[in-house]
file query.pdb (PDB, C-alpha atoms)
MODEL        1
ATOM      1  CA  MET A   1       0.000   0.000   0.000
ATOM      2  CA  ASN A   2       1.488   3.361  -0.983
ATOM      3  CA  ARG A   3       1.672   6.299   1.390
ATOM      4  CA  ARG A   4      -1.342   8.066  -0.124
ATOM      5  CA  ALA A   5      -3.562   5.005   0.196
ATOM      6  CA  ALA A   6      -2.338   4.360   3.718
ATOM      7  CA  LEU A   7      -3.125   7.909   4.760
ATOM      8  CA  ARG A   8      -6.597   7.653   3.245
ATOM      9  CA  ALA A   9      -7.266   4.411   5.130
ATOM     10  CA  ALA A  10      -6.013   5.936   8.347
ATOM     11  CA  LEU A  11      -8.231   8.949   7.887
ATOM     12  CA  PHE A  12     -11.375   6.887   7.513
ATOM     13  CA  THR A  13     -10.433   4.574  10.381
ATOM     14  CA  ALA A  14      -9.769   7.398  12.762
ATOM     15  CA  GLY A  15     -13.053   9.103  11.947
ATOM     16  CA  GLY A  16     -14.338  12.364  13.263
ATOM     17  CA  ALA A  17     -12.535  12.227  16.601
ATOM     18  CA  ALA A  18      -9.154  12.133  14.934
ATOM     19  CA  LEU A  19     -10.094  14.996  12.644
ATOM     20  CA  GLY A  20     -11.180  17.005  15.642
ATOM     21  CA  ALA A  21      -7.909  16.366  17.425
ATOM     22  CA  THR A  22      -5.707  17.034  14.404
ATOM     23  CA  GLY A  23      -7.616  19.913  12.851
ATOM     24  CA  VAL A  24      -8.792  19.907   9.256
ATOM     25  CA  ALA A  25      -6.047  22.338   8.252
ATOM     26  CA  GLY A  26      -3.461  19.710   9.145
ATOM     27  CA  VAL A  27      -4.981  16.911   7.088
ATOM     28  CA  PRO A  28      -3.452  16.292   3.650
ATOM     29  CA  LYS A  29      -5.684  16.546   0.592
ATOM     30  CA  LEU A  30      -6.394  12.839   0.198
ATOM     31  CA  LEU A  31      -9.721  12.526  -1.526
ATOM     32  CA  GLY A  32     -10.507  12.395  -5.225
ATOM     33  CA  TRP A  33     -12.676  14.706  -7.304
ATOM     34  CA  ASP A  34     -15.791  12.648  -6.609
ATOM     35  CA  ARG A  35     -15.441  12.845  -2.811
ATOM     36  CA  PRO A  36     -15.735  15.859  -0.524
ATOM     37  CA  PRO A  37     -12.353  17.564  -0.138
ATOM     38  CA  VAL A  38     -10.860  17.932   3.329
ATOM     39  CA  SER A  39      -8.607  20.904   2.658
ATOM     40  CA  GLY A  40      -8.935  24.156   0.789
ATOM     41  CA  GLY A  41     -12.299  23.803  -0.858
ATOM     42  CA  TYR A  42     -14.720  24.749   1.855
ATOM     43  CA  ALA A  43     -13.271  28.133   2.643
ATOM     44  CA  ALA A  44     -16.207  30.442   3.221
ATOM     45  CA  ALA A  45     -17.060  32.503   0.170
ATOM     46  CA  ALA A  46     -16.954  35.570   2.432
ATOM     47  CA  ASP A  47     -13.320  35.005   3.454
ATOM     48  CA  ALA A  48     -10.888  37.845   2.700
ATOM     49  CA  PRO A  49     -13.652  40.458   2.253
ATOM     50  CA  GLU A  50     -11.061  43.122   1.510
ATOM     51  CA  THR A  51     -10.458  41.414  -1.860
ATOM     52  CA  LEU A  52     -14.097  41.396  -2.989
ATOM     53  CA  LYS A  53     -14.991  43.486  -6.024
ATOM     54  CA  ALA A  54     -18.658  42.788  -6.832
ATOM     55  CA  ALA A  55     -21.759  42.977  -4.661
ATOM     56  CA  ASN A  56     -23.044  39.780  -6.222
ATOM     57  CA  LEU A  57     -21.887  36.999  -8.515
ATOM     58  CA  SER A  58     -23.876  35.120 -11.138
ATOM     59  CA  VAL A  59     -24.029  31.328 -10.937
ATOM     60  CA  ARG A  60     -26.129  30.268 -13.880
ATOM     61  CA  TYR A  61     -27.792  26.943 -14.675
ATOM     62  CA  PHE A  62     -30.132  28.171 -17.419
ATOM     63  CA  VAL A  63     -31.637  31.422 -18.678
ATOM     64  CA  GLU A  64     -35.189  32.514 -17.975
ATOM     65  CA  THR A  65     -36.643  33.291 -21.397
ATOM     66  CA  ASP A  66     -39.755  32.447 -23.385
ATOM     67  CA  GLU A  67     -37.827  32.435 -26.640
ATOM     68  CA  PRO A  68     -37.065  28.976 -28.090
ATOM     69  CA  VAL A  69     -33.292  29.319 -27.839
ATOM     70  CA  VAL A  70     -30.749  26.949 -26.299
ATOM     71  CA  ALA A  71     -26.975  26.954 -25.842
ATOM     72  CA  PHE A  72     -24.753  23.942 -26.480
ATOM     73  CA  THR A  73     -21.536  23.918 -24.451
ATOM     74  CA  PHE A  74     -18.500  21.651 -24.743
ATOM     75  CA  ASP A  75     -15.996  21.045 -21.940
ATOM     76  CA  ASP A  76     -12.412  19.826 -21.560
ATOM     77  CA  GLY A  77     -10.901  20.418 -25.017
ATOM     78  CA  PRO A  78      -9.398  21.149 -27.324
ATOM     79  CA  ALA A  79      -7.870  17.872 -28.438
ATOM     80  CA  PRO A  80      -7.356  15.974 -31.698
ATOM     81  CA  ASN A  81     -10.160  13.918 -33.251
ATOM     82  CA  TRP A  82     -13.125  14.939 -31.118
ATOM     83  CA  THR A  83     -12.828  18.733 -31.173
ATOM     84  CA  PRO A  84     -12.595  18.880 -34.991
ATOM     85  CA  MET A  85     -15.560  16.462 -35.164
ATOM     86  CA  VAL A  86     -17.634  18.807 -32.991
ATOM     87  CA  LEU A  87     -16.597  21.873 -34.963
ATOM     88  CA  ASP A  88     -17.455  20.140 -38.236
ATOM     89  CA  ALA A  89     -20.960  19.283 -36.964
ATOM     90  CA  LEU A  90     -21.480  22.844 -35.743
ATOM     91  CA  ASP A  91     -20.255  24.289 -39.041
ATOM     92  CA  GLU A  92     -22.479  22.001 -41.098
ATOM     93  CA  ALA A  93     -25.551  23.047 -39.120
ATOM     94  CA  GLY A  94     -24.558  26.700 -38.739
ATOM     95  CA  VAL A  95     -24.809  26.399 -34.950
ATOM     96  CA  PRO A  96     -22.811  28.584 -32.522
ATOM     97  CA  ALA A  97     -21.598  27.046 -29.266
ATOM     98  CA  THR A  98     -19.572  27.823 -26.162
ATOM     99  CA  PHE A  99     -16.362  25.899 -25.467
ATOM    100  CA  PHE A 100     -15.076  25.781 -21.894
ATOM    101  CA  MET A 101     -11.423  25.082 -22.595
ATOM    102  CA  VAL A 102      -8.718  23.582 -20.416
ATOM    103  CA  GLY A 103      -5.680  25.859 -20.663
ATOM    104  CA  GLY A 104      -3.144  23.049 -20.803
ATOM    105  CA  ASN A 105      -5.015  21.433 -23.675
ATOM    106  CA  LEU A 106      -5.288  24.732 -25.504
ATOM    107  CA  GLU A 107      -1.542  25.269 -25.179
ATOM    108  CA  LYS A 108      -0.879  21.850 -26.759
ATOM    109  CA  HIS A 109      -3.527  22.006 -29.473
ATOM    110  CA  ALA A 110      -3.971  25.680 -30.294
ATOM    111  CA  ASP A 111      -3.563  25.060 -34.024
ATOM    112  CA  LEU A 112      -6.666  22.838 -34.023
ATOM    113  CA  VAL A 113      -8.929  25.727 -33.078
ATOM    114  CA  ARG A 114      -7.055  28.957 -33.690
ATOM    115  CA  ASN A 115      -8.939  29.768 -36.897
ATOM    116  CA  ARG A 116     -12.183  27.902 -36.238
ATOM    117  CA  MET A 117     -13.787  29.768 -33.364
ATOM    118  CA  GLY A 118     -15.250  32.746 -35.234
ATOM    119  CA  ARG A 119     -18.916  32.201 -34.323
ATOM    120  CA  HIS A 120     -18.174  30.392 -31.076
ATOM    121  CA  GLU A 121     -17.571  31.575 -27.521
ATOM    122  CA  ILE A 122     -14.752  30.503 -25.204
ATOM    123  CA  GLY A 123     -14.911  30.057 -21.450
ATOM    124  CA  ASN A 124     -12.382  29.163 -18.760
ATOM    125  CA  HIS A 125     -12.335  25.551 -17.531
ATOM    126  CA  SER A 126      -9.093  25.817 -15.516
ATOM    127  CA  TRP A 127      -5.531  25.044 -16.574
ATOM    128  CA  SER A 128      -5.187  21.404 -15.539
ATOM    129  CA  HIS A 129      -8.791  20.298 -14.887
ATOM    130  CA  ASP A 130      -7.996  19.909 -11.212
ATOM    131  CA  ASP A 131     -10.894  20.026  -8.762
ATOM    132  CA  LEU A 132     -10.867  23.719  -7.901
ATOM    133  CA  ALA A 133     -12.968  23.024  -4.798
ATOM    134  CA  THR A 134      -9.912  21.383  -3.237
ATOM    135  CA  LEU A 135      -7.657  24.399  -3.800
ATOM    136  CA  ASP A 136      -7.254  27.600  -1.856
ATOM    137  CA  ARG A 137      -7.945  30.966  -3.462
ATOM    138  CA  ALA A 138      -4.359  31.417  -4.648
ATOM    139  CA  GLY A 139      -4.373  27.986  -6.260
ATOM    140  CA  VAL A 140      -7.663  28.647  -8.039
ATOM    141  CA  LEU A 141      -6.442  32.023  -9.274
ATOM    142  CA  ASP A 142      -3.314  30.424 -10.706
ATOM    143  CA  GLU A 143      -5.394  27.851 -12.597
ATOM    144  CA  LEU A 144      -7.756  30.495 -13.957
ATOM    145  CA  ASN A 145      -5.233  33.210 -14.736
ATOM    146  CA  ARG A 146      -3.017  30.867 -16.744
ATOM    147  CA  THR A 147      -5.991  29.762 -18.815
ATOM    148  CA  HIS A 148      -7.305  33.307 -19.200
ATOM    149  CA  ASP A 149      -3.920  34.418 -20.536
ATOM    150  CA  MET A 150      -3.677  31.439 -22.905
ATOM    151  CA  ILE A 151      -7.134  32.161 -24.360
ATOM    152  CA  LYS A 152      -6.090  35.775 -24.931
ATOM    153  CA  LYS A 153      -2.800  34.698 -26.501
ATOM    154  CA  VAL A 154      -4.382  32.226 -28.929
ATOM    155  CA  PHE A 155      -7.608  34.031 -29.826
ATOM    156  CA  GLY A 156      -6.956  37.660 -28.974
ATOM    157  CA  ARG A 157     -10.082  37.856 -26.800
ATOM    158  CA  GLU A 158     -10.948  38.066 -23.152
ATOM    159  CA  THR A 159     -13.181  35.485 -21.548
ATOM    160  CA  THR A 160     -15.708  36.391 -18.868
ATOM    161  CA  MET A 161     -17.065  32.969 -17.914
ATOM    162  CA  LEU A 162     -15.926  30.082 -15.753
ATOM    163  CA  ARG A 163     -17.165  26.539 -15.588
ATOM    164  CA  PRO A 164     -15.436  24.763 -12.683
ATOM    165  CA  PRO A 165     -14.329  21.206 -13.476
ATOM    166  CA  TYR A 166     -16.906  18.596 -12.405
ATOM    167  CA  GLY A 167     -19.253  21.461 -11.512
ATOM    168  CA  HIS A 168     -17.595  21.583  -8.062
ATOM    169  CA  LEU A 169     -17.919  25.010  -6.516
ATOM    170  CA  GLY A 170     -16.008  25.808  -3.331
ATOM    171  CA  GLY A 171     -15.794  29.147  -1.602
ATOM    172  CA  SER A 172     -12.278  29.712  -2.914
ATOM    173  CA  THR A 173     -13.582  29.367  -6.485
ATOM    174  CA  VAL A 174     -16.298  31.935  -5.842
ATOM    175  CA  LEU A 175     -13.693  34.367  -4.498
ATOM    176  CA  ALA A 176     -11.427  33.804  -7.503
ATOM    177  CA  ALA A 177     -14.309  34.259  -9.948
ATOM    178  CA  ASP A 178     -15.181  37.545  -8.250
ATOM    179  CA  CYS A 179     -11.572  38.673  -8.525
ATOM    180  CA  LEU A 180     -11.589  38.010 -12.286
ATOM    181  CA  ASP A 181     -15.075  39.458 -12.902
ATOM    182  CA  TYR A 182     -16.250  36.047 -14.101
ATOM    183  CA  ASP A 183     -19.752  34.694 -14.236
ATOM    184  CA  ILE A 184     -19.999  31.018 -13.295
ATOM    185  CA  VAL A 185     -21.881  28.908 -15.841
ATOM    186  CA  LEU A 186     -23.139  25.426 -14.993
ATOM    187  CA  TRP A 187     -25.863  23.590 -16.959
ATOM    188  CA  SER A 188     -29.476  22.459 -16.949
ATOM    189  CA  HIS A 189     -29.164  19.470 -19.323
ATOM    190  CA  LEU A 190     -26.297  17.076 -19.834
ATOM    191  CA  MET A 191     -25.522  14.237 -22.168
ATOM    192  CA  ARG A 192     -26.077  10.865 -20.468
ATOM    193  CA  GLU A 193     -23.830   8.757 -22.657
ATOM    194  CA  LEU A 194     -23.399   5.843 -20.271
ATOM    195  CA  HIS A 195     -27.156   5.537 -19.884
ATOM    196  CA  PHE A 196     -27.642   5.556 -23.656
ATOM    197  CA  GLN A 197     -24.479   3.659 -24.557
ATOM    198  CA  ASN A 198     -26.496   0.956 -26.335
ATOM    199  CA  ASP A 199     -29.190   3.335 -27.564
ATOM    200  CA  PRO A 200     -27.584   6.291 -29.360
ATOM    201  CA  ASP A 201     -30.931   7.417 -30.768
ATOM    202  CA  GLY A 202     -32.212   7.567 -27.190
ATOM    203  CA  GLN A 203     -29.541  10.163 -26.365
ATOM    204  CA  VAL A 204     -30.744  12.269 -29.301
ATOM    205  CA  ARG A 205     -34.385  11.987 -28.181
ATOM    206  CA  ASP A 206     -33.449  12.808 -24.598
ATOM    207  CA  ILE A 207     -32.023  16.166 -25.659
ATOM    208  CA  VAL A 208     -34.508  17.010 -28.409
ATOM    209  CA  ASN A 209     -37.588  16.200 -26.335
ATOM    210  CA  ASN A 210     -36.529  17.561 -22.970
ATOM    211  CA  VAL A 211     -34.725  20.862 -23.422
ATOM    212  CA  LYS A 212     -36.659  24.035 -22.711
ATOM    213  CA  PRO A 213     -36.252  27.658 -23.764
ATOM    214  CA  GLY A 214     -33.087  28.939 -22.115
ATOM    215  CA  SER A 215     -31.501  25.508 -21.557
ATOM    216  CA  ILE A 216     -27.725  25.242 -21.262
ATOM    217  CA  ILE A 217     -26.643  21.832 -22.549
ATOM    218  CA  LEU A 218     -23.406  20.152 -21.433
ATOM    219  CA  ALA A 219     -21.327  17.888 -23.666
ATOM    220  CA  HIS A 220     -17.597  17.121 -23.854
ATOM    221  CA  ASP A 221     -15.118  17.183 -26.715
ATOM    222  CA  VAL A 222     -12.539  15.152 -24.788
ATOM    223  CA  GLY A 223     -12.928  11.965 -22.768
ATOM    224  CA  LYS A 224     -13.645   8.261 -22.858
ATOM    225  CA  ASP A 225     -15.149   6.606 -25.900
ATOM    226  CA  HIS A 226     -18.674   6.415 -24.481
ATOM    227  CA  ARG A 227     -18.908  10.189 -24.959
ATOM    228  CA  LEU A 228     -18.949   9.606 -28.710
ATOM    229  CA  VAL A 229     -22.574   8.535 -28.253
ATOM    230  CA  SER A 230     -23.512  12.203 -27.923
ATOM    231  CA  LEU A 231     -20.986  13.675 -30.339
ATOM    232  CA  ARG A 232     -22.051  11.398 -33.173
ATOM    233  CA  GLY A 233     -25.632  12.446 -32.522
ATOM    234  CA  LEU A 234     -25.070  16.201 -32.624
ATOM    235  CA  SER A 235     -26.319  16.671 -36.181
ATOM    236  CA  ALA A 236     -29.526  14.790 -35.364
ATOM    237  CA  MET A 237     -29.971  16.860 -32.192
ATOM    238  CA  PHE A 238     -29.596  20.108 -34.120
ATOM    239  CA  ALA A 239     -32.059  18.933 -36.780
ATOM    240  CA  GLY A 240     -34.569  17.734 -34.182
ATOM    241  CA  LEU A 241     -34.444  20.965 -32.230
ATOM    242  CA  LYS A 242     -34.767  23.041 -35.380
ATOM    243  CA  ALA A 243     -37.860  20.992 -36.266
ATOM    244  CA  ARG A 244     -39.298  21.984 -32.873
ATOM    245  CA  GLY A 245     -38.706  25.644 -33.720
ATOM    246  CA  TYR A 246     -35.550  26.112 -31.666
ATOM    247  CA  ARG A 247     -32.542  28.197 -32.570
ATOM    248  CA  PHE A 248     -29.101  28.259 -31.029
ATOM    249  CA  ALA A 249     -26.897  30.777 -29.259
ATOM    250  CA  THR A 250     -23.700  31.086 -27.295
ATOM    251  CA  VAL A 251     -24.151  31.355 -23.547
ATOM    252  CA  SER A 252     -23.605  35.121 -23.635
ATOM    253  CA  GLU A 253     -26.146  35.523 -26.426
ATOM    254  CA  LEU A 254     -28.590  33.415 -24.458
ATOM    255  CA  ILE A 255     -28.092  35.512 -21.322
ATOM    256  CA  ALA A 256     -28.898  38.630 -23.351
ATOM    257  CA  LEU A 257     -32.382  37.193 -23.939
ATOM    258  CA  GLU A 258     -33.170  36.843 -20.243
ATOM    259  CA  LYS A 259     -36.551  38.173 -19.170
ATOM    260  CA  PRO A 260     -36.315  41.286 -16.998
ATOM    261  CA  LYS A 261     -37.115  40.713 -13.366
ATOM    262  CA  PRO A 262     -40.535  42.042 -12.314
ATOM    263  CA  THR A 263     -40.413  45.308 -10.429
ATOM    264  CA  ALA A 264     -41.283  44.939  -6.764
ATOM    265  CA  PRO A 265     -44.556  46.615  -5.690
ATOM    266  CA  GLY A 266     -43.947  50.186  -4.626
ATOM    267  CA  ALA A 267     -40.523  50.375  -6.279
ATOM    268  CA  ALA A 268     -39.736  53.565  -8.167
TER     269      ALA A 268
ENDMDL
END
call {"tool": "encode", "arguments": {"input": "query.pdb", "output": "structure tokens"}}
result
Amino acid sequence: MNRRAALRAALFTAGGAALGATGVAGVPKLLGWDRPPVSGGYAAAADAPETLKAANLSVRYFVETDEPVVAFTFDDGPAPNWTPMVLDALDEAGVPATFFMVGGNLEKHADLVRNRMGRHEIGNHSWSHDDLATLDRAGVLDELNRTHDMIKKVFGRETTMLRPPYGHLGGSTVLAADCLDYDIVLWSHLMRELHFQNDPDGQVRDIVNNVKPGSIILAHDVGKDHRLVSLRGLSAMFAGLKARGYRFATVSELIALEKPKPTAPGAA
């Protein structure tokens, strides 16, 4: 058993009493992305108030609109094979999308996308796809700033949106997003490739029949082969949604369609 595994076993064996005696700050970061972190991630979002810039911060799952418009988003790229496949499908259908790029992947594969993002939007998905909820504010800022700078270097544009890897959102990530004037964008619909692994048409129907006006749809242009279930069905999804009267937008374009909030009674 290696040291990391031994420490993890000891942590679970000792339980809460040991954590209380040791103090969470003294416990190494042992747990994976799919388990609650024990260091860094649960810093209160109100820590270091002297650094705060905005009175509020947007965390968005969908957009409230009556217009039949949806946004497709793609995480984790760019990378060979899949990213060009996605871009080809989008080009063929004339559909804009938002790509939440991993900075390290963009650095390696900039030539794949440098001249293909004209109608598309780019968001920040961290530098290394680490779980930002397990990092302190300085660590999150490093991940985001490196990616922000790489996006500007490759595309000559600034990004204003963050999607945290795995959708994990710790207080340190909120503080870092505030520092960078980012909106945080999550999703309301996601591809369920494992569920539809043996029924690719079912994945198409799941998206076409279930999205609503203002939906933000999550897919990936990097990953394990089961994700090809959704990518190979993109053209059919676009056609099916168009047949339902839907059109497509980037996330920022979708946000611009948001219904104004009703004015409170008695407000000027």
call {"tool": "closest_residue", "arguments": {"input": "query.pdb", "among": "A:Leu57, A:Ala93, A:Cys179, A:Val102", "to": "Trp127 (chain A)", "atoms": "only C-alpha atoms"}}
result
A:Val102
call {"tool": "closest_residue", "arguments": {"input": "query.pdb", "among": "A:Glu92, A:Glu50, A:Asp225, A:Glu143", "to": "Gln197 (chain A)", "atoms": "all atoms listed in the file"}}
result
A:Asp225
call {"tool": "resolve_selection", "arguments": {"input": "query.pdb", "expression": "the PyMOL selection byres ((chain A and resi 109) around 12)", "output": "number ranges by chain"}}
result
A: 77-81, 83-84, 101-108, 110-114, 150-151, 154
call {"tool": "closest_atom_pairs", "arguments": {"input": "query.pdb", "of": "region 55-87 of chain A", "to": "region 164-173 of chain A", "cutoff": "12 Å", "atoms": "all atoms listed in the file", "output": "Markdown table"}}
result
| residue | atom | partner | partner_atom | distance |
| --- | --- | --- | --- | --- |
| A:Leu57 | CA | A:Thr173 | CA | 11.5 |
| A:Val59 | CA | A:Leu169 | CA | 9.8 |
| A:Arg60 | CA | A:Gly167 | CA | 11.4 |
| A:Tyr61 | CA | A:Gly167 | CA | 10.6 |
| A:Asp75 | CA | A:Pro165 | CA | 8.6 |
| A:Asp76 | CA | A:Pro165 | CA | 8.4 |
call {"tool": "write_last_selection", "arguments": {"input": "query.pdb", "atoms": "C-alpha atoms", "output": "mmCIF file, keeping the file's coordinate frame"}}
result
data_model
loop_
_atom_site.group_PDB
_atom_site.id
_atom_site.type_symbol
_atom_site.label_atom_id
_atom_site.label_comp_id
_atom_site.auth_asym_id
_atom_site.auth_seq_id
_atom_site.Cartn_x
_atom_site.Cartn_y
_atom_site.Cartn_z
ATOM 1 C CA LEU A 57 -21.887 36.999 -8.515
ATOM 2 C CA VAL A 59 -24.029 31.328 -10.937
ATOM 3 C CA ARG A 60 -26.129 30.268 -13.880
ATOM 4 C CA TYR A 61 -27.792 26.943 -14.675
ATOM 5 C CA ASP A 75 -15.996 21.045 -21.940
ATOM 6 C CA ASP A 76 -12.412 19.826 -21.560
#
call {"tool": "closest_residue", "arguments": {"input": "query.pdb", "among": "A:Asp178, A:Asp206, A:Glu253, A:Asp201", "to": "Val229 (chain A)", "atoms": "all atoms listed in the file"}}
result
A:Asp201
call {"tool": "resolve_selection", "arguments": {"input": "query.pdb", "expression": "the PyMOL selection byres ((chain A and resi 160-163) around 6)", "output": "list in words"}}
result
Gly123, Asn124, His125, Thr159, Pro164, Tyr182, Asp183, Ile184 and Val185 of chain A
call {"tool": "resolve_selection", "arguments": {"input": "query.pdb", "expression": "the PyMOL selection byres ((chain A and resi 257) around 10)", "output": "list in words"}}
result
Val63, Glu64, Thr65, Asp66, Glu67, Val69, Gly214, Ala249, Ser252, Glu253, Leu254, Ile255, Ala256, Glu258, Lys259 and Pro260 of chain A
call {"tool": "atom_distance", "arguments": {"input": "query.pdb", "atom1": "CA of Leu190 (chain A)", "atom2": "CA of Ser230 (chain A)"}}
result
9.8 Å
call {"tool": "atom_distance", "arguments": {"input": "query.pdb", "atom1": "CA of Ala54 (chain A)", "atom2": "CA of Phe155 (chain A)"}}
result
27.0 Å
call {"tool": "closest_residue", "arguments": {"input": "query.pdb", "among": "A:Arg205, A:Arg232, A:Ser215, A:Thr147", "to": "Arg247 (chain A)", "atoms": "only C-alpha atoms"}}
result
A:Ser215
call {"tool": "atom_distance", "arguments": {"input": "query.pdb", "atom1": "CA of Met191 (chain A)", "atom2": "CA of Asn210 (chain A)"}}
result
11.5 Å
call {"tool": "closest_residue", "arguments": {"input": "query.pdb", "among": "A:Leu144, A:Ala97, A:Lys212, A:Leu132", "to": "Arg116 (chain A)", "atoms": "all atoms listed in the file"}}
result
A:Ala97
call {"tool": "axis_aligned_box", "arguments": {"input": "query.pdb", "around": "region 50-69 of chain A", "padding_each_side": "8 Å", "output": "AutoDock Vina command-line options"}}
result
--center_x -25.1 --center_y 35.2 --center_z -13.3 --size_x 45.3 --size_y 32.5 --size_z 45.6
call {"tool": "closest_residue", "arguments": {"input": "query.pdb", "among": "A:Val70, A:Val251, A:Ala138, A:Val222", "to": "Ile207 (chain A)", "atoms": "only C-alpha atoms"}}
result
A:Val70
call {"tool": "decode", "arguments": {"input": "query.pdb", "residues": "region 91-135 of chain A", "atoms": "C-alpha atoms", "output": "PDB file, in the first residue's frame"}}
result
ATOM      1  CA  ASP A  91     -20.255  24.289 -39.041  1.00  0.00           C
ATOM      2  CA  GLU A  92     -22.479  22.001 -41.098  1.00  0.00           C
ATOM      3  CA  ALA A  93     -25.551  23.047 -39.120  1.00  0.00           C
ATOM      4  CA  GLY A  94     -24.558  26.700 -38.739  1.00  0.00           C
ATOM      5  CA  VAL A  95     -24.809  26.399 -34.950  1.00  0.00           C
ATOM      6  CA  PRO A  96     -22.811  28.584 -32.522  1.00  0.00           C
ATOM      7  CA  ALA A  97     -21.598  27.046 -29.266  1.00  0.00           C
ATOM      8  CA  THR A  98     -19.572  27.823 -26.162  1.00  0.00           C
ATOM      9  CA  PHE A  99     -16.362  25.899 -25.467  1.00  0.00           C
ATOM     10  CA  PHE A 100     -15.076  25.781 -21.894  1.00  0.00           C
ATOM     11  CA  MET A 101     -11.423  25.082 -22.595  1.00  0.00           C
ATOM     12  CA  VAL A 102      -8.718  23.582 -20.416  1.00  0.00           C
ATOM     13  CA  GLY A 103      -5.680  25.859 -20.663  1.00  0.00           C
ATOM     14  CA  GLY A 104      -3.144  23.049 -20.803  1.00  0.00           C
ATOM     15  CA  ASN A 105      -5.015  21.433 -23.675  1.00  0.00           C
ATOM     16  CA  LEU A 106      -5.288  24.732 -25.504  1.00  0.00           C
ATOM     17  CA  GLU A 107      -1.542  25.269 -25.179  1.00  0.00           C
ATOM     18  CA  LYS A 108      -0.879  21.850 -26.759  1.00  0.00           C
ATOM     19  CA  HIS A 109      -3.527  22.006 -29.473  1.00  0.00           C
ATOM     20  CA  ALA A 110      -3.971  25.680 -30.294  1.00  0.00           C
ATOM     21  CA  ASP A 111      -3.563  25.060 -34.024  1.00  0.00           C
ATOM     22  CA  LEU A 112      -6.666  22.838 -34.023  1.00  0.00           C
ATOM     23  CA  VAL A 113      -8.929  25.727 -33.078  1.00  0.00           C
ATOM     24  CA  ARG A 114      -7.055  28.957 -33.690  1.00  0.00           C
ATOM     25  CA  ASN A 115      -8.939  29.768 -36.897  1.00  0.00           C
ATOM     26  CA  ARG A 116     -12.183  27.902 -36.238  1.00  0.00           C
ATOM     27  CA  MET A 117     -13.787  29.768 -33.364  1.00  0.00           C
ATOM     28  CA  GLY A 118     -15.250  32.746 -35.234  1.00  0.00           C
ATOM     29  CA  ARG A 119     -18.916  32.201 -34.323  1.00  0.00           C
ATOM     30  CA  HIS A 120     -18.174  30.392 -31.076  1.00  0.00           C
ATOM     31  CA  GLU A 121     -17.571  31.575 -27.521  1.00  0.00           C
ATOM     32  CA  ILE A 122     -14.752  30.503 -25.204  1.00  0.00           C
ATOM     33  CA  GLY A 123     -14.911  30.057 -21.450  1.00  0.00           C
ATOM     34  CA  ASN A 124     -12.382  29.163 -18.760  1.00  0.00           C
ATOM     35  CA  HIS A 125     -12.335  25.551 -17.531  1.00  0.00           C
ATOM     36  CA  SER A 126      -9.093  25.817 -15.516  1.00  0.00           C
ATOM     37  CA  TRP A 127      -5.531  25.044 -16.574  1.00  0.00           C
ATOM     38  CA  SER A 128      -5.187  21.404 -15.539  1.00  0.00           C
ATOM     39  CA  HIS A 129      -8.791  20.298 -14.887  1.00  0.00           C
ATOM     40  CA  ASP A 130      -7.996  19.909 -11.212  1.00  0.00           C
ATOM     41  CA  ASP A 131     -10.894  20.026  -8.762  1.00  0.00           C
ATOM     42  CA  LEU A 132     -10.867  23.719  -7.901  1.00  0.00           C
ATOM     43  CA  ALA A 133     -12.968  23.024  -4.798  1.00  0.00           C
ATOM     44  CA  THR A 134      -9.912  21.383  -3.237  1.00  0.00           C
ATOM     45  CA  LEU A 135      -7.657  24.399  -3.800  1.00  0.00           C
TER      46      LEU A 135
END
